[in-house]
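Structure file input33.cif with mmCIF, C-alpha atoms:
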data_data
loop_
_atom_site.label_atom_id
_atom_site.label_comp_id
_atom_site.auth_asym_id
_atom_site.auth_seq_id
_atom_site.Cartn_x
_atom_site.Cartn_y
_atom_site.Cartn_z
CA GLN T 232 108.48 83.97 79.41
CA VAL T 233 104.80 84.03 80.29
CA HIS T 234 103.54 82.81 83.63
CA LEU T 235 99.89 81.85 83.89
CA ALA T 236 97.69 81.33 86.94
CA GLU T 237 94.21 79.81 86.92
CA SER T 238 91.45 80.34 89.45
CA GLY T 239 87.74 79.73 89.78
CA GLY T 240 87.50 75.96 89.95
CA GLY T 241 85.34 74.16 92.48
CA ALA T 242 82.63 71.59 93.07
CA VAL T 243 79.13 72.05 91.66
CA GLN T 244 76.08 69.97 90.92
CA ALA T 245 75.09 69.06 87.40
CA GLY T 246 73.42 71.98 85.68
CA GLY T 247 75.49 74.50 87.61
CA SER T 248 77.99 77.07 86.35
CA LEU T 249 81.58 78.09 87.01
CA ARG T 250 83.83 80.76 85.54
CA LEU T 251 87.51 80.03 85.30
CA SER T 252 90.05 82.84 85.04
CA CYS T 253 93.58 82.76 83.69
CA ALA T 254 95.81 85.71 84.48
CA SER T 255 99.41 86.42 83.61
CA SER T 256 101.33 86.53 86.85
CA ILE T 257 103.89 89.00 85.55
CA GLY T 258 101.56 91.31 83.71
CA THR T 259 102.42 90.11 80.23
CA PRO T 260 99.73 91.50 77.99
CA VAL T 261 97.30 89.07 76.47
CA SER T 262 98.20 90.63 73.15
CA GLY T 263 101.71 89.25 73.65
CA VAL T 264 100.56 85.74 72.76
CA LYS T 265 99.07 84.44 69.54
CA CYS T 266 96.37 82.37 71.18
CA ALA T 267 95.27 81.10 74.57
CA ALA T 268 93.45 77.89 75.33
CA TRP T 269 91.79 75.96 78.09
CA PHE T 270 92.72 72.30 78.31
CA ARG T 271 91.33 69.68 80.65
CA GLN T 272 92.54 66.35 81.86
CA ALA T 273 90.26 63.87 83.56
CA GLN T 274 91.71 61.17 85.76
CA GLY T 275 93.23 58.42 83.66
CA LYS T 276 92.75 60.30 80.39
CA GLY T 277 94.83 62.47 78.12
CA ARG T 278 94.83 66.25 78.02
CA GLU T 279 92.34 67.77 75.54
CA ALA T 280 91.87 71.31 74.31
CA VAL T 281 88.40 72.46 75.34
CA ALA T 282 88.46 75.95 73.83
CA VAL T 283 90.89 78.25 72.02
CA ILE T 284 90.81 82.01 71.48
CA TYR T 285 92.94 83.96 69.01
CA THR T 286 94.09 87.24 70.50
CA TYR T 287 94.28 89.22 67.24
CA ASN T 288 90.57 88.85 66.40
CA GLN T 289 89.10 87.03 69.42
CA GLY T 290 88.06 84.19 67.16
CA THR T 291 87.13 81.05 69.11
CA GLU T 292 87.02 77.29 68.67
CA TYR T 293 85.48 74.60 70.87
CA ILE T 294 85.35 70.84 71.06
CA ASP T 295 81.92 69.47 70.19
CA SER T 296 81.11 68.28 73.70
CA VAL T 297 81.14 71.82 75.15
CA LYS T 298 79.67 73.84 72.27
CA GLY T 299 76.73 75.88 73.47
CA ARG T 300 77.72 75.40 77.12
CA PHE T 301 81.22 76.90 77.43
CA THR T 302 82.41 80.36 76.35
CA ILE T 303 86.03 81.47 76.16
CA SER T 304 86.78 85.18 76.24
CA LEU T 305 89.54 87.62 77.10
CA THR T 306 90.03 91.15 78.35
CA TYR T 307 93.03 93.17 77.25
CA ASP T 308 92.86 95.63 80.13
CA LYS T 309 93.05 92.86 82.74
CA ASP T 310 95.27 90.53 80.69
CA THR T 311 92.93 87.71 81.61
CA VAL T 312 91.37 84.84 79.71
CA TYR T 313 88.08 83.40 80.97
CA LEU T 314 86.16 80.17 80.51
CA GLN T 315 82.48 80.49 81.38
CA MET T 316 81.07 77.01 81.91
CA ASP T 317 77.29 76.61 82.04
CA ASN T 318 75.02 73.57 82.28
CA LEU T 319 77.89 71.51 83.63
CA ILE T 320 77.67 67.73 83.47
CA PRO T 321 79.64 65.07 85.42
CA GLU T 322 81.71 64.35 82.31
CA ASP T 323 83.19 67.87 82.64
CA THR T 324 84.96 66.81 85.83
CA ALA T 325 88.70 67.32 85.29
CA MET T 326 91.70 69.45 86.06
CA TYR T 327 91.51 72.53 83.85
CA TYR T 328 94.65 74.24 82.56
CA CYS T 329 95.25 77.53 80.84
CA ALA T 330 97.90 77.56 78.11
CA ALA T 331 99.26 79.97 75.51
CA ILE T 332 101.37 80.09 72.36
CA PRO T 333 103.62 83.10 71.66
CA TRP T 334 103.56 84.94 68.35
CA ASN T 335 106.72 83.18 67.18
CA GLY T 336 105.45 79.77 68.28
CA ALA T 337 103.67 76.88 66.61
CA SER T 338 100.28 77.11 64.96
CA CYS T 339 97.28 77.22 67.28
CA TYR T 340 95.12 75.45 64.71
CA ASN T 341 95.93 71.88 65.74
CA ARG T 342 95.21 72.53 69.44
CA ASN T 343 98.04 70.16 70.27
CA ALA T 344 99.15 70.41 73.90
CA ASN T 345 102.77 69.90 72.84
CA ASP T 346 102.60 73.14 70.83
CA PHE T 347 101.77 75.26 73.91
CA PRO T 348 104.93 76.26 75.83
CA TYR T 349 103.18 78.28 78.54
CA TRP T 350 100.99 76.61 81.16
CA GLY T 351 99.32 77.36 84.44
CA GLN T 352 99.25 75.03 87.42
CA GLY T 353 95.63 73.95 86.87
CA THR T 354 92.36 74.29 88.76
CA GLN T 355 90.07 71.39 89.64
CA VAL T 356 86.45 71.26 88.47
CA SER T 357 84.20 68.59 89.95
CA VAL T 358 80.60 68.10 88.84
CA SER T 359 78.30 65.78 90.78
CA VAL T 360 74.96 64.32 89.72
#

Go ahead and render the structure in this file as structure tokens.
Amino acid sequence: QVHLAESGGGAVQAGGSLRLSCASSIGTPVSGVKCAAWFRQAQGKGREAVAVIYTYNQGTEYIDSVKGRFTISLTYDKDTVYLQMDNLIPEDTAMYYCAAIPWNGASCYNRNANDFPYWGQGTQVSVSV
């Protein structure tokens, strides 16, 4: 079992930056999962995968609306996954969740929330005009 904990959310003005962190609360190494992802859910909307990182080669994928503004990364020594968010816009306002798929789990390719068994509690990001 992997337990995840997000931090770093907050309220910023449009054009500002935030860095979200996702750490394993029990010290499970990042290499123990096949991929990690950041999802977000705005009020009244479904949960969408914003960015995914594959732990074996640190390959990354992003949804079009955040390309060039968000960067997902990880550090093996700190067992932490990050989401650097720059040039934030009001449409980025949402609850952001960290999630992961174990090596024996489903494919990461579809970025389907139902395929991710491990989740954090979420951290709120609010962007004002």

Go through T:Ala267, T:Val297, T:Ala236, T:Ala242 and flag the residue nearest Ser357 in chain T, using all atoms listed in the file for the distances.
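For Ser357 in chain T, the nearest of the given residues is T:Ala242.
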
Please identify every residue of range 274-343 of chain T that has at least one atom no farther than 8 Å from an atom of range 249-254 of chain T, counting only C-alpha atoms, and for each give the shortest atom pair and the distance in Å to one decimal, arranged by chain then increasing number, as a Markdown table.
| residue | atom | partner | partner_atom | distance |
| --- | --- | --- | --- | --- |
| T:Lys309 | CA | T:Ala254 | CA | 7.9 |
| T:Asp310 | CA | T:Ala254 | CA | 6.2 |
| T:Thr311 | CA | T:Ala254 | CA | 4.5 |
| T:Val312 | CA | T:Cys253 | CA | 5.0 |
| T:Tyr313 | CA | T:Ser252 | CA | 4.6 |
| T:Leu314 | CA | T:Leu251 | CA | 5.0 |
| T:Gln315 | CA | T:Arg250 | CA | 4.4 |
| T:Met316 | CA | T:Leu249 | CA | 5.2 |
| T:Asp317 | CA | T:Leu249 | CA | 6.7 |
| T:Cys329 | CA | T:Cys253 | CA | 6.2 |

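One distance worth recording is that between CA of Val358 in chain T and CA of Asn343 in chain T, which is 25.6 Å.
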
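Residues surrounding Val356 in chain T within 9 Å are Gly239, Gly240, Gly241, Ala242, Val243, Leu249, Asp323, Thr324, Ala325, Met326 and Tyr327 of chain T [only C-alpha atoms; sequence separation below 3 positions excluded].
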
Using all atoms listed in the file: which of T:Gly263, T:Gly277, T:Gly336, T:Gly299 has the shortest distance to Asn318 in chain T:
T:Gly299

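The smallest atom-to-atom distance between Glu237 in chain T and any of T:Asn345, T:Thr302, T:Ser255, T:Thr291, using all atoms listed in the file, is found for T:Ser255.
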
Determine the nearest neighbour of Gln272 in chain T from the options T:Tyr293, T:Phe301, T:Tyr328, T:Tyr349, counting only C-alpha atoms.
T:Tyr328

Would you mind writing range 336-357 of chain T with N, CA and C atoms, as a compact mmCIF listing (two decimals), keeping the file's coordinate frame?
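To be explicit, this is the file written out as out_5.txt:
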# COMPACT_ATOMS: atom_id res chain seq x y z
N GLY T 336 105.57 81.19 67.98
CA GLY T 336 105.45 79.77 68.28
C GLY T 336 104.73 79.00 67.19
N ALA T 337 104.34 77.78 67.55
CA ALA T 337 103.67 76.88 66.61
C ALA T 337 102.27 77.40 66.29
N SER T 338 101.65 76.75 65.32
CA SER T 338 100.28 77.11 64.96
C SER T 338 99.32 76.73 66.09
N CYS T 339 98.29 77.52 66.27
CA CYS T 339 97.28 77.22 67.28
C CYS T 339 96.23 76.27 66.72
N TYR T 340 96.22 76.13 65.41
CA TYR T 340 95.12 75.45 64.71
C TYR T 340 94.94 74.02 65.18
N ASN T 341 96.03 73.30 65.40
CA ASN T 341 95.93 71.88 65.74
C ASN T 341 95.52 71.63 67.19
N ARG T 342 95.56 72.65 68.02
CA ARG T 342 95.21 72.53 69.44
C ARG T 342 95.94 71.36 70.10
N ASN T 343 97.21 71.23 69.73
CA ASN T 343 98.04 70.16 70.27
C ASN T 343 98.73 70.68 71.53
N ALA T 344 98.57 69.96 72.63
CA ALA T 344 99.15 70.41 73.90
C ALA T 344 100.66 70.60 73.79
N ASN T 345 101.31 69.80 72.97
CA ASN T 345 102.77 69.90 72.84
C ASN T 345 103.21 71.21 72.18
N ASP T 346 102.28 71.89 71.51
CA ASP T 346 102.60 73.14 70.83
C ASP T 346 102.50 74.35 71.75
N PHE T 347 101.97 74.16 72.96
CA PHE T 347 101.77 75.26 73.91
C PHE T 347 102.91 75.25 74.92
N PRO T 348 103.80 76.25 74.89
CA PRO T 348 104.93 76.26 75.83
C PRO T 348 104.61 76.85 77.20
N TYR T 349 103.51 77.60 77.28
CA TYR T 349 103.18 78.28 78.54
C TYR T 349 101.95 77.64 79.17
N TRP T 350 102.08 77.29 80.45
CA TRP T 350 100.99 76.61 81.16
C TRP T 350 100.82 77.16 82.56
N GLY T 351 99.57 77.09 83.04
CA GLY T 351 99.32 77.36 84.44
C GLY T 351 99.40 76.07 85.24
N GLN T 352 99.12 76.18 86.53
CA GLN T 352 99.25 75.03 87.42
C GLN T 352 97.98 74.17 87.45
N GLY T 353 96.87 74.70 86.93
CA GLY T 353 95.63 73.95 86.87
C GLY T 353 94.68 74.29 88.01
N THR T 354 93.40 74.10 87.74
CA THR T 354 92.36 74.29 88.76
C THR T 354 91.34 73.17 88.58
N GLN T 355 90.92 72.57 89.69
CA GLN T 355 90.07 71.39 89.64
C GLN T 355 88.60 71.79 89.51
N VAL T 356 87.90 71.11 88.61
CA VAL T 356 86.45 71.26 88.47
C VAL T 356 85.82 69.90 88.71
N SER T 357 84.87 69.84 89.63
CA SER T 357 84.20 68.59 89.95
C SER T 357 82.70 68.81 89.85
